[in-house]
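Report on the structure given below.
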Amino acid sequence: MASHQLQGRVDIGDVATPDAKGTGRYLHVVAAALSDEAGRLLIARRPSHTHQGGKWEFPGGKVERGEAPLDALARELDEELGVRPLACEPLITVLHNYPDKRVRLEVWRIRGFEGSASGIEGQEVRWVAQSELDAYEFPDANLPVITALILPDRYLITPDPGPDTAAFLRALQRVTERGVSLVQFRATNLGGDEYIDLARQVLDICRSAGAKLLLNADPQRALTLGADGVHLNGIRLRALRDRPLPRGFLVGASCHHPGELRLASSCGVDFAVLSPVRETSSHSCARHLGWRTFRDYCLRARMPVYALGGVGEGDIPRARACGGQGIAAIRGLWGKETDR
């Protein structure tokens, strides 16, 4: 994935971003997901007298009027921590409404930096393993950032297993051995014991490869089988009133328009798959979103979003540049089926 140098980066939006209702302005804030050689992330505690005081956050600060976001980020990291970022890439942008202010939080993953980070302004700072972030209390706007940090940039949706399940399992093993670490098992034509037996074998392969498995099925089945979470189709998403699984499990959802993204967010879904971004051979007559619309929807989604539909691994940089988490695909990652 390409990284951006700090100089010469074009801003991705106006500082004074209108809110969804057009009734106010978002305060534009930049933050850094700064990692060390061990992969630990740097977090800082907000002073008690400030907004969301006492909670932990990713370091950064306000973008001044007329200031490019990456210039603001470099300035804030120098002032707060005494480090100079060398290269970075977009992670996620979150719009969040607190009771007393609206915030546009633009987060960048810092891939290299100069200096030794310390709390220059007297703030407490810690290097924390990614797996330990849940133990810290963050402002609500930071929660999608934590999810974006743990999710990969590729999300495999399995094709229909078909009658030759042995060949299906061999193909899945090859894909996970190539580094795919998030898998959605989708087998709508299977039921009962046949589904359970194959799902357990899929789970074994994913566990062996260190990949997480989500079931495109009833959420209770994910609990029963010990999967890592569930992926909700449109019917299951529209039937929701609350988050279907406890925290610690991943919940994804298939979305096609802003209304479904808002519903997913209100139900505590962790991430969305947005489709179709491009024309696909299986749905050639369906109206596709295009990258510009995908970018606009990502900004309003308030969660990580994968691009689905006519995309492959070569589209990951573009999806990331548009504010997405990466790409979700069947054929684009599996090599056999058409995305749908």
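In the structure tokens, each chain is lettered A, B, ... as it comes, each chain's residues begin at 1, and ligands are numbered from 1 in order of appearance.
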
Excluding stretch 155-167 of chain A and any residue of its chain fewer than 4 positions from it, enumerate the residues within 7 Å of it, using only C-alpha atoms, and give them as a PyMOL selection string. chain A and resi 171+182-187+327-330+333+337

Keeping N, CA, C and O atoms, export the residues of the selection given above as a PDB file, in the first residue's frame.
ATOM      1  N   ALA A 171      -9.107 -24.775  -1.686  1.00  0.00           N
ATOM      2  CA  ALA A 171      -8.973 -23.410  -2.200  1.00  0.00           C
ATOM      3  C   ALA A 171      -8.936 -22.398  -1.059  1.00  0.00           C
ATOM      4  O   ALA A 171      -8.145 -21.446  -1.083  1.00  0.00           O
ATOM      5  N   LEU A 182      -9.219 -12.160   7.017  1.00  0.00           N
ATOM      6  CA  LEU A 182     -10.616 -11.964   7.408  1.00  0.00           C
ATOM      7  C   LEU A 182     -11.491 -12.617   6.352  1.00  0.00           C
ATOM      8  O   LEU A 182     -11.416 -12.286   5.163  1.00  0.00           O
ATOM      9  N   VAL A 183     -12.315 -13.568   6.804  1.00  0.00           N
ATOM     10  CA  VAL A 183     -13.090 -14.413   5.886  1.00  0.00           C
ATOM     11  C   VAL A 183     -14.551 -14.406   6.294  1.00  0.00           C
ATOM     12  O   VAL A 183     -14.881 -14.562   7.477  1.00  0.00           O
ATOM     13  N   GLN A 184     -15.413 -14.247   5.303  1.00  0.00           N
ATOM     14  CA  GLN A 184     -16.852 -14.423   5.503  1.00  0.00           C
ATOM     15  C   GLN A 184     -17.268 -15.736   4.837  1.00  0.00           C
ATOM     16  O   GLN A 184     -17.122 -15.898   3.623  1.00  0.00           O
ATOM     17  N   PHE A 185     -17.768 -16.681   5.643  1.00  0.00           N
ATOM     18  CA  PHE A 185     -18.252 -17.949   5.101  1.00  0.00           C
ATOM     19  C   PHE A 185     -19.703 -17.776   4.698  1.00  0.00           C
ATOM     20  O   PHE A 185     -20.577 -17.555   5.535  1.00  0.00           O
ATOM     21  N   ARG A 186     -19.941 -17.889   3.397  1.00  0.00           N
ATOM     22  CA  ARG A 186     -21.268 -17.657   2.827  1.00  0.00           C
ATOM     23  C   ARG A 186     -21.705 -18.929   2.105  1.00  0.00           C
ATOM     24  O   ARG A 186     -21.140 -19.301   1.074  1.00  0.00           O
ATOM     25  N   ALA A 187     -22.706 -19.594   2.656  1.00  0.00           N
ATOM     26  CA  ALA A 187     -23.189 -20.854   2.080  1.00  0.00           C
ATOM     27  C   ALA A 187     -24.703 -20.899   2.224  1.00  0.00           C
ATOM     28  O   ALA A 187     -25.250 -21.655   3.033  1.00  0.00           O
ATOM     29  N   ILE A 327     -10.827  -3.525   0.342  1.00  0.00           N
ATOM     30  CA  ILE A 327     -11.783  -4.153  -0.578  1.00  0.00           C
ATOM     31  C   ILE A 327     -12.298  -5.468  -0.005  1.00  0.00           C
ATOM     32  O   ILE A 327     -11.585  -6.177   0.716  1.00  0.00           O
ATOM     33  N   ALA A 328     -13.544  -5.772  -0.326  1.00  0.00           N
ATOM     34  CA  ALA A 328     -14.137  -7.081  -0.069  1.00  0.00           C
ATOM     35  C   ALA A 328     -14.400  -7.713  -1.429  1.00  0.00           C
ATOM     36  O   ALA A 328     -14.796  -7.013  -2.375  1.00  0.00           O
ATOM     37  N   ALA A 329     -14.169  -8.993  -1.544  1.00  0.00           N
ATOM     38  CA  ALA A 329     -14.316  -9.614  -2.859  1.00  0.00           C
ATOM     39  C   ALA A 329     -14.500 -11.110  -2.740  1.00  0.00           C
ATOM     40  O   ALA A 329     -14.088 -11.729  -1.753  1.00  0.00           O
ATOM     41  N   ILE A 330     -15.122 -11.653  -3.771  1.00  0.00           N
ATOM     42  CA  ILE A 330     -15.143 -13.102  -3.969  1.00  0.00           C
ATOM     43  C   ILE A 330     -14.084 -13.419  -5.026  1.00  0.00           C
ATOM     44  O   ILE A 330     -12.969 -13.795  -4.689  1.00  0.00           O
ATOM     45  N   LEU A 333     -10.406 -12.106  -4.769  1.00  0.00           N
ATOM     46  CA  LEU A 333      -9.486 -12.722  -3.803  1.00  0.00           C
ATOM     47  C   LEU A 333      -9.440 -14.238  -3.932  1.00  0.00           C
ATOM     48  O   LEU A 333      -8.410 -14.857  -3.685  1.00  0.00           O
ATOM     49  N   GLU A 337     -15.106 -16.957  -8.465  1.00  0.00           N
ATOM     50  CA  GLU A 337     -16.492 -16.517  -8.535  1.00  0.00           C
ATOM     51  C   GLU A 337     -16.597 -15.032  -8.867  1.00  0.00           C
ATOM     52  O   GLU A 337     -15.627 -14.282  -8.755  1.00  0.00           O
TER      53      GLU A 337
END

Excluding A:Asp193 and any residue of its chain fewer than 5 positions from it, enumerate the residues within 12 Å of it, using only C-alpha atoms, and give them as a list in words.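 My list of contacting residues is Leu198, Ala199, Arg200, Arg221 and Leu225 of chain A.
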
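Residues of stretch 181-300 of chain A that DSSP places in strand (DSSP E), based on the backbone of this structure, are Leu182, Val183, Gln184, Phe185, Lys212, Leu213, Leu214, Leu215, Gly229, Val230, His231, Leu232, Leu250, Val251, Gly252, Ala253, Ser254, Cys255, Phe271, Ala272, Val273 and Leu274 of chain A.
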
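Atom CA of A:Leu215 lies 6.5 Å from atom CA of A:Gly229.
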
Residues near stretch 120-133 of chain A, cut-off 8 Å, only C-alpha atoms, skip fewer than 3 positions along chain, as number ranges by chain: A: 39-47, 79-82, 136, 146, 149-150

Show me, as a ChimeraX atom specification, the residues that have an atom within 12 Å of stretch 237-241 of chain A when counting only C-alpha atoms, minus same-chain residues fewer than 4 positions from it. /A:216-219,230-233,245,251-256,259-269,272

Using C-alpha atoms, can you export the residues from the last selection as a compact mmCIF listing (two decimals), in the first residue's frame?
# COMPACT_ATOMS: atom_id res chain seq x y z
CA ASN A 216 -23.12 -15.06 6.99
CA ALA A 217 -25.82 -16.67 9.10
CA ASP A 218 -27.95 -16.18 12.18
CA PRO A 219 -25.80 -14.51 14.88
CA VAL A 230 -21.23 -12.54 12.01
CA HIS A 231 -21.90 -10.80 8.72
CA LEU A 232 -25.44 -9.49 8.34
CA ASN A 233 -27.20 -9.51 5.00
CA LEU A 245 -23.34 -10.09 19.48
CA VAL A 251 -20.23 -7.66 13.35
CA GLY A 252 -20.23 -6.70 9.66
CA ALA A 253 -23.15 -5.74 7.45
CA SER A 254 -23.92 -5.49 3.74
CA CYS A 255 -25.06 -1.99 2.77
CA HIS A 256 -25.99 -0.25 -0.47
CA GLY A 259 -29.94 4.63 5.06
CA GLU A 260 -28.53 1.15 5.58
CA LEU A 261 -25.22 2.62 6.78
CA ARG A 262 -27.07 4.73 9.36
CA LEU A 263 -29.04 1.68 10.51
CA ALA A 264 -25.85 -0.35 10.82
CA SER A 265 -24.22 2.38 12.87
CA SER A 266 -27.22 2.75 15.19
CA CYS A 267 -27.19 -1.02 15.85
CA GLY A 268 -23.52 -1.10 16.83
CA VAL A 269 -22.22 -2.79 13.68
CA ALA A 272 -19.86 -2.29 6.55

Write out as a compact mmCIF listing (two decimals) with C-alpha atoms, in the first residue's frame each polymer residue whose atoms come within 8 Å of A:Leu308, counting only C-alpha atoms; drop sequence neighbours fewer than 5 positions from it.
# COMPACT_ATOMS: atom_id res chain seq x y z
CA VAL A 273 -19.42 -3.64 3.05
CA LEU A 274 -20.71 -1.14 0.48
CA SER A 275 -21.69 -2.30 -2.99
CA PRO A 276 -21.67 -2.31 -5.92
CA VAL A 277 -18.81 0.14 -6.36
CA ARG A 278 -18.10 -0.90 -9.95
CA ILE A 327 -11.78 -4.15 -0.58
CA ALA A 328 -14.14 -7.08 -0.07
CA ALA A 329 -14.32 -9.61 -2.86
CA ASP A 339 -18.46 -10.60 -6.79
CA ARG A 340 -22.00 -10.13 -5.58

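Each of A:Arg154, A:Arg243, A:His96, A:Arg111 was checked against A:Arg178 using only C-alpha atoms; the smallest atom-to-atom distance is that of A:Arg154.
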
DSSP-assigned alpha helix (DSSP H) members of stretch 241-270 of chain A, reported as a list in words: Pro258, Gly259, Glu260, Leu261, Arg262, Leu263, Ala264, Ser265 and Ser266 of chain A

Find the residues around A:Gly61 up to 9 Å (only C-alpha atoms counted), leave out those fewer than 6 positions away in its own chain, and share them as a PyMOL selection string. chain A and resi 28-31+72-73+76-77

Using only N, CA, C and O atoms, please write the residues we just selected to a file, as a PDB file, in the first residue's frame.
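Final output, saved to selection.pdb:
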ATOM      1  N   HIS A  28     -12.600  20.303  12.613  1.00  0.00           N
ATOM      2  CA  HIS A  28     -11.696  19.400  11.890  1.00  0.00           C
ATOM      3  C   HIS A  28     -10.477  19.095  12.759  1.00  0.00           C
ATOM      4  O   HIS A  28      -9.713  19.994  13.121  1.00  0.00           O
ATOM      5  N   VAL A  29     -10.311  17.821  13.081  1.00  0.00           N
ATOM      6  CA  VAL A  29      -9.209  17.363  13.941  1.00  0.00           C
ATOM      7  C   VAL A  29      -8.447  16.266  13.206  1.00  0.00           C
ATOM      8  O   VAL A  29      -9.052  15.409  12.546  1.00  0.00           O
ATOM      9  N   VAL A  30      -7.135  16.300  13.322  1.00  0.00           N
ATOM     10  CA  VAL A  30      -6.310  15.227  12.763  1.00  0.00           C
ATOM     11  C   VAL A  30      -5.668  14.461  13.916  1.00  0.00           C
ATOM     12  O   VAL A  30      -5.397  15.015  14.982  1.00  0.00           O
ATOM     13  N   ALA A  31      -5.453  13.180  13.702  1.00  0.00           N
ATOM     14  CA  ALA A  31      -4.835  12.341  14.730  1.00  0.00           C
ATOM     15  C   ALA A  31      -3.949  11.303  14.054  1.00  0.00           C
ATOM     16  O   ALA A  31      -4.113  10.992  12.870  1.00  0.00           O
ATOM     17  N   ALA A  72      -0.901  20.143   9.685  1.00  0.00           N
ATOM     18  CA  ALA A  72      -1.412  20.245  11.055  1.00  0.00           C
ATOM     19  C   ALA A  72      -0.969  19.055  11.883  1.00  0.00           C
ATOM     20  O   ALA A  72      -0.577  19.200  13.052  1.00  0.00           O
ATOM     21  N   LEU A  73      -0.999  17.876  11.292  1.00  0.00           N
ATOM     22  CA  LEU A  73      -0.601  16.679  12.021  1.00  0.00           C
ATOM     23  C   LEU A  73       0.878  16.737  12.387  1.00  0.00           C
ATOM     24  O   LEU A  73       1.268  16.422  13.524  1.00  0.00           O
ATOM     25  N   GLU A  76       1.295  19.248  15.248  1.00  0.00           N
ATOM     26  CA  GLU A  76       0.800  18.747  16.530  1.00  0.00           C
ATOM     27  C   GLU A  76       1.722  17.688  17.118  1.00  0.00           C
ATOM     28  O   GLU A  76       1.981  17.668  18.328  1.00  0.00           O
ATOM     29  N   LEU A  77       2.222  16.779  16.286  1.00  0.00           N
ATOM     30  CA  LEU A  77       3.100  15.725  16.795  1.00  0.00           C
ATOM     31  C   LEU A  77       4.428  16.296  17.290  1.00  0.00           C
ATOM     32  O   LEU A  77       5.002  15.802  18.272  1.00  0.00           O
TER      33      LEU A  77
END

Give me the residues near A:Arg302 as a PyMOL selection string, where near means some atom within 12 Å (using only C-alpha atoms) and where sequence neighbours in that chain fewer than 3 positions away do not count. chain A and resi 20+92-97+103-106+140-145+147-148+258+261-266+268-272+296-299+305+323-325

What separates atom CA of A:Ala33 and atom CA of A:Pro139 is a distance of 15.1 Å
